[in-house]
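The next block holds one structure in the form of structure tokens; read it before the comments.
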Amino acid sequence: MKTAIGYIRVSSEEQADSGLGLAAQRQRIEAYCQLKGLVLQEIFEDPAVSGGKPLGTRPAGARLLAEARKNKPVLVVAKFDRLFRSVADAAQAIADFDRRGIELVAIAEGFDMTNPYGRAMAQMASVFAELERAMIRERTKAAMTVLRGRNLRMSHCVPYGWDEGVEGVLVRNDREQRTIVWMRQLQRDGKSLRQIAALLNDRGVEPKRAKRWLHSSVLRILARTA
């Protein structure tokens, strides 16, 4: 019997989409392997990883490629864009799979990578996957701009310097805003991020959620309010 390995991935903006969730992808891969009589050895998982990153640079993606090149199992994904959303990355990987005799199955698209037509269709799919990724990025950017203009919360965490008002509208927190002004003045005076955090702690200034100030939280606030 042929052996198979699977790969599942979800990026942060897709977390709410149950059709793309990790559990749904896993179920489709397991069902496909059972239907085709494939022995599923392992499913490699990359949670909250952008499809724009080359497959070989992702934590699980790198292990997947090493396993595929070593043992040449059937590589199964629920949808082609779980592997690639870059035309260049897809073209390079597909050519490598072809040379090594690695069979790729994309369940949603039904690709047969064992013939030139299937490989061409996979390369075309990578073009549209890259286009979709670019469109998601533009929509996200536009939505963030609208939220900022309306003083609406952009994440689950209320940013330092603000409080959550009615229906998610952000309301200025004057005390925290004064702290931000002081932090920026300290930065202009040449204080390092660690020195600023130490001064905040020494003065008894409380962070929004943590117990003590860290240089990393100072950096986030200064970068956001620059």
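In the structure tokens, the first chain shown is A, the next is B, and so on; residue numbers restart at 1 for each chain, and ligands run from 1 in the order shown.
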
Write out as a short mmCIF file (atom, residue, chain, number, x, y, z; two decimals) with C-alpha atoms, in the first residue's frame which residues come within 6 Å of Leu75 of chain A when counting only C-alpha atoms, dropping same-chain ones fewer than 6 positions away.
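Wrote it out as part.cif, contents follow:
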```cif
data_model
loop_
_atom_site.label_atom_id
_atom_site.label_comp_id
_atom_site.auth_asym_id
_atom_site.auth_seq_id
_atom_site.Cartn_x
_atom_site.Cartn_y
_atom_site.Cartn_z
CA ALA A 4 0.89 9.40 2.46
CA ILE A 5 1.64 12.52 4.46
CA GLY A 6 -0.62 15.52 4.86
CA LEU A 104 0.91 15.81 -4.93
#
```

Sorted by chain and rising residue number, list the residues of segment 91-112 of chain A at most 12 Å from segment 50-55 of chain A (counting only C-alpha atoms), each with its closest atom pair and distance in Å to one decimal, as a tab-separated table.
```
residue	atom	partner	partner_atom	distance
A:Ala91	CA	A:Pro54	CA	11.3
A:Gln92	CA	A:Pro54	CA	10.2
A:Ala93	CA	A:Leu55	CA	8.5
A:Ile94	CA	A:Leu55	CA	11.6
```

Residue subset to file, keeping C-alpha atoms, as a PDB file, in the first residue's frame:
```pdb
ATOM      1  CA  ALA A  91       6.701  26.617  -9.594  1.00  0.00           C
ATOM      2  CA  GLN A  92       9.967  25.707  -7.881  1.00  0.00           C
ATOM      3  CA  ALA A  93       8.379  23.122  -5.572  1.00  0.00           C
ATOM      4  CA  ILE A  94       6.294  21.536  -8.337  1.00  0.00           C
TER       5      ILE A  94
END
```

8 Å contact set for segment 183-198 of chain A, only C-alpha atoms, chain neighbours under 4 positions out, as a CSV table (one decimal) with N, CA and C atoms, in the first residue's frame:
```
chain,number,residue,atom,x,y,z
A,179,THR,N,1.1,59.4,29.9
A,179,THR,CA,2.2,58.5,30.0
A,179,THR,C,3.0,58.3,28.7
A,202,ASP,N,9.7,52.2,38.3
A,202,ASP,CA,10.1,52.9,39.5
A,202,ASP,C,9.0,53.9,39.9
A,213,TRP,N,6.4,46.7,33.4
A,213,TRP,CA,6.7,47.2,32.1
A,213,TRP,C,7.9,46.4,31.6
A,214,LEU,N,7.9,46.0,30.3
A,214,LEU,CA,9.1,45.4,29.6
A,214,LEU,C,9.5,46.3,28.5
A,215,HIS,N,10.7,46.1,28.0
A,215,HIS,CA,11.1,47.0,26.9
A,215,HIS,C,10.3,46.7,25.7
A,216,SER,N,9.9,45.4,25.5
A,216,SER,CA,9.1,45.0,24.3
A,216,SER,C,7.7,45.8,24.3
A,218,VAL,N,7.1,48.7,25.7
A,218,VAL,CA,7.4,50.1,25.4
A,218,VAL,C,7.6,50.3,23.9
A,219,LEU,N,8.3,49.3,23.3
A,219,LEU,CA,8.6,49.4,21.9
A,219,LEU,C,7.3,49.4,21.1
A,222,LEU,N,5.4,52.8,21.5
A,222,LEU,CA,6.1,53.9,20.8
A,222,LEU,C,6.0,53.7,19.3
```

Who sits within 7 Å of segment 172-178 of chain A, only C-alpha atoms, same chain under 2 positions skipped, as a PyMOL selection string: chain A and resi 160-163+170+180-182

Hey, what does DSSP flag as strand (DSSP E) within segment 15-52 of chain A? Can you give it to me as a ChimeraX atom specification? /A:39-47

I'd like the contact shell of Tyr32 of chain A - 12 Å cut-off, only C-alpha atoms, skipping same-chain residues fewer than 5 positions apart - returned as a ChimeraX atom specification. /A:4-6,25-27,37-40,74-78,105-108,110

For the selection just defined, write its residues with C-alpha atoms to a file, as a CSV table (one decimal), in the first residue's frame.
```
chain,number,residue,atom,x,y,z
A,4,ALA,CA,0.9,9.4,2.5
A,5,ILE,CA,1.6,12.5,4.5
A,6,GLY,CA,-0.6,15.5,4.9
A,25,GLN,CA,-8.5,20.3,6.7
A,26,ARG,CA,-7.4,17.3,8.8
A,27,GLN,CA,-10.7,15.6,8.4
A,37,GLY,CA,-6.4,3.2,0.5
A,38,LEU,CA,-3.4,5.3,1.5
A,39,VAL,CA,-1.6,4.8,4.8
A,40,LEU,CA,-1.5,8.2,6.3
A,74,VAL,CA,1.9,10.9,-1.6
A,75,LEU,CA,1.6,14.5,-0.4
A,76,VAL,CA,-2.1,15.3,0.4
A,77,VAL,CA,-3.5,18.8,1.1
A,78,ALA,CA,-7.2,19.8,1.4
A,105,VAL,CA,-2.8,15.6,-4.3
A,106,ALA,CA,-4.9,18.8,-3.8
A,107,ILE,CA,-8.3,17.4,-2.8
A,108,ALA,CA,-10.4,20.5,-3.5
A,110,GLY,CA,-8.5,17.3,-7.8
```

List every residue of segment 82-112 of chain A that DSSP, applied to the backbone of this structure, assigns to alpha helix (DSSP H), and report them as a PyMOL selection string. chain A and resi 87-100

Please produce a file of the residues just selected, as a short mmCIF file (atom, residue, chain, number, x, y, z; two decimals), in the first residue's frame, where the atoms kept are C-alpha atoms.
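Saved to out23.cif:
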```cif
data_model
loop_
_atom_site.label_atom_id
_atom_site.label_comp_id
_atom_site.auth_asym_id
_atom_site.auth_seq_id
_atom_site.Cartn_x
_atom_site.Cartn_y
_atom_site.Cartn_z
CA VAL A 87 3.75 31.64 -7.98
CA ALA A 88 7.54 31.42 -7.69
CA ASP A 89 7.44 29.10 -4.67
CA ALA A 90 4.82 26.87 -6.29
CA ALA A 91 6.70 26.62 -9.59
CA GLN A 92 9.97 25.71 -7.88
CA ALA A 93 8.38 23.12 -5.57
CA ILE A 94 6.29 21.54 -8.34
CA ALA A 95 9.37 21.16 -10.52
CA ASP A 96 11.23 19.60 -7.58
CA PHE A 97 8.35 17.17 -6.89
CA ASP A 98 8.32 16.20 -10.57
CA ARG A 99 12.05 15.44 -10.62
CA ARG A 100 11.84 13.36 -7.45
#
```

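Here atom CA of Tyr7 of chain A is placed at a distance of 12.9 Å from atom CA of Ala66 of chain A.
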